[in-house]
Each structure stands twice: as C-alpha cells, then as structure tokens.
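Trainee: Supplied in structure tokens, the structure appears directly below.
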Amino acid sequence: MAMTDDHINATAVKAALDGLIHGVSGHSFDVLDNLYHRDMRTYVLLNDGTLVRHDKNGFMELVKHNMGALKDDDPWVKYHLVEAGDEHGHVVVSRKNDATGRYQLISLSIDFVFEDDRWQIIREIIMTRSDATDA
C-alpha cells in the first residue's frame, strides 16, 4: 500500500517525531538512540552548498553538542507533510533550532521505517535556509 497522509500510521509517525523534538529540546538525548535506526544516514546541506553526511552515531554526537547549550521549552516546528503506509513514513517539517551549530531555520525531509515494533528514522535530509530571525 502506498503512503498517504490519511493512513492510520501517519498519526504514529508524527507522534514519534514530536517525541524526538520535545525530548531533544529538553535535553533528553536518550530518545535519539531509540528513534534513530541503526542504519540511519543524515545529509545536511548548508547555505554555502556544503553537504555534510553522518551515520547514526556521528549525528547523535552532533545533536548533543549543538543542542547541549539550548533549553527550548517551546520548540518551534511547522509540519508540511506527514504520510505513512504499513511499514514506511515520511515527514517534511521546518524547524528553528541550533542543530547545525547556529540558531537558524532548517527544513527537514525525514524517512521512517517500522521495525522492531516501533517507528524509527532511517534517513534525514536537512537543508539550512536562513537565520531563524529572518523567517
């Protein structure tokens, strides 16, 4: 079955991402290991055109380092798309945070897979857009 925004699993995929956003914003970094798939790959496209790639462990360290000083009790997120099927999900969101090392607006395309009885992020594509204050 194809992924759709009205599939029953779309709600669970969104809930998984909400848990990650609120966990990391509150410095509960243990959520990363549970939600990130062991084969996760992350691609960060910076404003200057540089593409930075990470595996699960490398990206977890980057997030811990860059978000470590931030305490965001009201994390900003705008959902553009949440879709799912029986075993796969996809989310497109905009965020304002320090995940790239400076507070800015980023857009993310996130692929999920349902494995080991939970939704996990298998691939994340992050594109920096501007300073968060410009949005």
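Letters A, B, ... go to the chains of the structure tokens in the order shown; residues in each chain start at 1; ligands are counted from 1 in the same order.
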Apply DSSP to the backbone of this structure and, from chain A, keep only the residues in alpha helix (DSSP H); write these as a PyMOL selection string.

Mentor: chain A and resi 9-25+30-35+56-67

Trainee: Store the residues picked out above in a file with N, CA and C atoms, as an mmCIF file, in the first residue's frame.

Mentor:
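Full text of part.cif as output:
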```cif
data_model
loop_
_atom_site.group_PDB
_atom_site.id
_atom_site.type_symbol
_atom_site.label_atom_id
_atom_site.label_comp_id
_atom_site.auth_asym_id
_atom_site.auth_seq_id
_atom_site.Cartn_x
_atom_site.Cartn_y
_atom_site.Cartn_z
ATOM 1 N N ASN A 9 -1.307 5.054 10.220
ATOM 2 C CA ASN A 9 0.027 5.162 10.809
ATOM 3 C C ASN A 9 0.622 6.569 10.749
ATOM 4 N N ALA A 10 0.017 7.473 9.998
ATOM 5 C CA ALA A 10 0.528 8.845 9.916
ATOM 6 C C ALA A 10 0.535 9.500 11.297
ATOM 7 N N THR A 11 -0.457 9.235 12.094
ATOM 8 C CA THR A 11 -0.526 9.788 13.448
ATOM 9 C C THR A 11 0.626 9.270 14.310
ATOM 10 N N ALA A 12 0.949 7.989 14.184
ATOM 11 C CA ALA A 12 2.034 7.399 14.969
ATOM 12 C C ALA A 12 3.394 7.947 14.527
ATOM 13 N N VAL A 13 3.570 8.165 13.236
ATOM 14 C CA VAL A 13 4.823 8.731 12.722
ATOM 15 C C VAL A 13 5.012 10.143 13.262
ATOM 16 N N LYS A 14 3.948 10.951 13.218
ATOM 17 C CA LYS A 14 4.026 12.312 13.749
ATOM 18 C C LYS A 14 4.315 12.297 15.244
ATOM 19 N N ALA A 15 3.683 11.394 15.965
ATOM 20 C CA ALA A 15 3.918 11.292 17.405
ATOM 21 C C ALA A 15 5.373 10.923 17.707
ATOM 22 N N ALA A 16 5.959 10.057 16.881
ATOM 23 C CA ALA A 16 7.364 9.679 17.076
ATOM 24 C C ALA A 16 8.268 10.896 16.895
ATOM 25 N N LEU A 17 8.004 11.696 15.861
ATOM 26 C CA LEU A 17 8.824 12.885 15.636
ATOM 27 C C LEU A 17 8.592 13.935 16.716
ATOM 28 N N ASP A 18 7.358 14.105 17.143
ATOM 29 C CA ASP A 18 7.079 15.033 18.250
ATOM 30 C C ASP A 18 7.851 14.634 19.504
ATOM 31 N N GLY A 19 7.900 13.338 19.786
ATOM 32 C CA GLY A 19 8.648 12.855 20.941
ATOM 33 C C GLY A 19 10.129 13.170 20.833
ATOM 34 N N LEU A 20 10.674 13.050 19.632
ATOM 35 C CA LEU A 20 12.081 13.383 19.412
ATOM 36 C C LEU A 20 12.327 14.871 19.607
ATOM 37 N N ILE A 21 11.490 15.700 19.008
ATOM 38 C CA ILE A 21 11.655 17.150 19.098
ATOM 39 C C ILE A 21 11.594 17.612 20.551
ATOM 40 N N HIS A 22 10.600 17.166 21.270
ATOM 41 C CA HIS A 22 10.438 17.602 22.656
ATOM 42 C C HIS A 22 11.494 16.985 23.568
ATOM 43 N N GLY A 23 11.898 15.755 23.279
ATOM 44 C CA GLY A 23 12.951 15.119 24.076
ATOM 45 C C GLY A 23 14.276 15.838 23.938
ATOM 46 N N VAL A 24 14.693 16.092 22.704
ATOM 47 C CA VAL A 24 15.977 16.761 22.463
ATOM 48 C C VAL A 24 15.935 18.197 22.966
ATOM 49 N N SER A 25 14.816 18.876 22.768
ATOM 50 C CA SER A 25 14.698 20.253 23.246
ATOM 51 C C SER A 25 14.811 20.332 24.759
ATOM 52 N N ASP A 30 18.575 10.514 25.264
ATOM 53 C CA ASP A 30 18.411 9.078 25.126
ATOM 54 C C ASP A 30 17.342 8.723 24.097
ATOM 55 N N VAL A 31 16.452 9.655 23.799
ATOM 56 C CA VAL A 31 15.430 9.435 22.778
ATOM 57 C C VAL A 31 16.068 9.218 21.402
ATOM 58 N N LEU A 32 17.249 9.780 21.186
ATOM 59 C CA LEU A 32 17.925 9.647 19.896
ATOM 60 C C LEU A 32 18.252 8.196 19.576
ATOM 61 N N ASP A 33 18.838 7.495 20.526
ATOM 62 C CA ASP A 33 19.264 6.125 20.282
ATOM 63 C C ASP A 33 18.082 5.220 19.974
ATOM 64 N N ASN A 34 16.950 5.468 20.606
ATOM 65 C CA ASN A 34 15.765 4.648 20.397
ATOM 66 C C ASN A 34 15.079 4.945 19.064
ATOM 67 N N LEU A 35 15.051 6.204 18.666
ATOM 68 C CA LEU A 35 14.316 6.584 17.459
ATOM 69 C C LEU A 35 15.166 6.499 16.193
ATOM 70 N N LYS A 56 24.426 7.215 12.227
ATOM 71 C CA LYS A 56 23.661 7.391 13.465
ATOM 72 C C LYS A 56 24.514 7.976 14.586
ATOM 73 N N ASN A 57 25.637 7.345 14.876
ATOM 74 C CA ASN A 57 26.464 7.805 15.997
ATOM 75 C C ASN A 57 27.031 9.201 15.764
ATOM 76 N N GLY A 58 27.466 9.483 14.545
ATOM 77 C CA GLY A 58 28.003 10.806 14.243
ATOM 78 C C GLY A 58 26.959 11.891 14.388
ATOM 79 N N PHE A 59 25.735 11.616 13.935
ATOM 80 C CA PHE A 59 24.692 12.630 14.037
ATOM 81 C C PHE A 59 24.233 12.806 15.482
ATOM 82 N N MET A 60 24.186 11.710 16.232
ATOM 83 C CA MET A 60 23.811 11.835 17.645
ATOM 84 C C MET A 60 24.807 12.728 18.381
ATOM 85 N N GLU A 61 26.082 12.577 18.101
ATOM 86 C CA GLU A 61 27.089 13.424 18.739
ATOM 87 C C GLU A 61 26.936 14.885 18.322
ATOM 88 N N LEU A 62 26.654 15.124 17.040
ATOM 89 C CA LEU A 62 26.447 16.485 16.549
ATOM 90 C C LEU A 62 25.257 17.134 17.255
ATOM 91 N N VAL A 63 24.154 16.431 17.354
ATOM 92 C CA VAL A 63 22.958 16.972 18.004
ATOM 93 C C VAL A 63 23.238 17.254 19.475
ATOM 94 N N LYS A 64 23.872 16.325 20.162
ATOM 95 C CA LYS A 64 24.181 16.529 21.583
ATOM 96 C C LYS A 64 25.075 17.753 21.773
ATOM 97 N N HIS A 65 26.068 17.896 20.915
ATOM 98 C CA HIS A 65 26.995 19.026 21.030
ATOM 99 C C HIS A 65 26.294 20.347 20.733
ATOM 100 N N ASN A 66 25.573 20.418 19.624
ATOM 101 C CA ASN A 66 24.958 21.677 19.207
ATOM 102 C C ASN A 66 23.725 22.054 20.017
ATOM 103 N N MET A 67 22.980 21.084 20.474
ATOM 104 C CA MET A 67 21.769 21.381 21.233
ATOM 105 C C MET A 67 22.037 21.403 22.735
#
```

Trainee: Let's see if you can do this: from backbone DSSP, list all strand (DSSP E or B) residues in range 13-106 of chain A, as a ChimeraX atom specification.

Mentor: /A:36-45,51-55,76-84,88-97,104-106

Trainee: Give me a file of those residues, with C-alpha atoms, as a PDB file, in the first residue's frame.

Mentor:
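File written: again.pdb
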```pdb
ATOM      1  CA  TYR A  36      17.325   6.583  15.136  1.00  0.00           C
ATOM      2  CA  HIS A  37      17.612   3.351  13.146  1.00  0.00           C
ATOM      3  CA  ARG A  38      20.949   1.544  13.370  1.00  0.00           C
ATOM      4  CA  ASP A  39      21.497   2.188   9.618  1.00  0.00           C
ATOM      5  CA  MET A  40      20.348   5.826   9.712  1.00  0.00           C
ATOM      6  CA  ARG A  41      22.021   8.280   7.372  1.00  0.00           C
ATOM      7  CA  THR A  42      21.771  12.041   7.660  1.00  0.00           C
ATOM      8  CA  TYR A  43      22.609  14.614   4.996  1.00  0.00           C
ATOM      9  CA  VAL A  44      22.920  18.283   5.949  1.00  0.00           C
ATOM     10  CA  LEU A  45      23.013  20.777   3.073  1.00  0.00           C
ATOM     11  CA  LEU A  51      26.953  18.646   2.075  1.00  0.00           C
ATOM     12  CA  VAL A  52      27.749  17.026   5.413  1.00  0.00           C
ATOM     13  CA  ARG A  53      26.986  13.326   5.910  1.00  0.00           C
ATOM     14  CA  HIS A  54      26.579  11.449   9.175  1.00  0.00           C
ATOM     15  CA  ASP A  55      25.767   7.965  10.348  1.00  0.00           C
ATOM     16  CA  TRP A  76       9.053  25.618  17.059  1.00  0.00           C
ATOM     17  CA  VAL A  77       8.014  23.186  14.333  1.00  0.00           C
ATOM     18  CA  LYS A  78       5.840  23.519  11.257  1.00  0.00           C
ATOM     19  CA  TYR A  79       4.585  20.301   9.677  1.00  0.00           C
ATOM     20  CA  HIS A  80       4.266  20.492   5.894  1.00  0.00           C
ATOM     21  CA  LEU A  81       3.601  16.796   5.248  1.00  0.00           C
ATOM     22  CA  VAL A  82       3.048  13.651   7.298  1.00  0.00           C
ATOM     23  CA  GLU A  83       2.354  10.478   5.368  1.00  0.00           C
ATOM     24  CA  ALA A  84       2.635   6.797   6.116  1.00  0.00           C
ATOM     25  CA  HIS A  88       7.180   3.385   5.921  1.00  0.00           C
ATOM     26  CA  GLY A  89       6.546   7.003   6.823  1.00  0.00           C
ATOM     27  CA  HIS A  90       7.687  10.366   5.567  1.00  0.00           C
ATOM     28  CA  VAL A  91       7.611  13.797   7.201  1.00  0.00           C
ATOM     29  CA  VAL A  92       8.541  17.241   5.866  1.00  0.00           C
ATOM     30  CA  VAL A  93       8.944  19.912   8.536  1.00  0.00           C
ATOM     31  CA  SER A  94      10.527  23.281   9.187  1.00  0.00           C
ATOM     32  CA  ARG A  95      12.287  23.907  12.489  1.00  0.00           C
ATOM     33  CA  LYS A  96      14.130  26.692  14.255  1.00  0.00           C
ATOM     34  CA  ASN A  97      16.969  25.400  16.406  1.00  0.00           C
ATOM     35  CA  GLN A 104      18.513  29.121  12.210  1.00  0.00           C
ATOM     36  CA  LEU A 105      15.590  27.926  10.156  1.00  0.00           C
ATOM     37  CA  ILE A 106      16.037  24.450   8.725  1.00  0.00           C
TER      38      ILE A 106
END
```

Trainee: So, counting only C-alpha atoms, which residue among A:Arg129, A:Gly85, A:Met3, A:Ile121 is closest to Tyr103 in chain A?

Mentor: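 The shortest atom-to-atom distance to Tyr103 in chain A comes from A:Arg129.
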
Trainee: Report, in Å to a single decimal, how far apart CA of Asp86 in chain A and CA of Gln120 in chain A are.

Mentor: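 CA of Gln120 in chain A sits 13.3 Å away from CA of Asp86 in chain A.
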
Trainee: Rounded to one decimal place, report the CA of Arg123 in chain A-CA of Leu46 in chain A distance in Å.

Mentor: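 Taking CA of Arg123 in chain A as the start and CA of Leu46 in chain A as the end point, the length is 17.0 Å.
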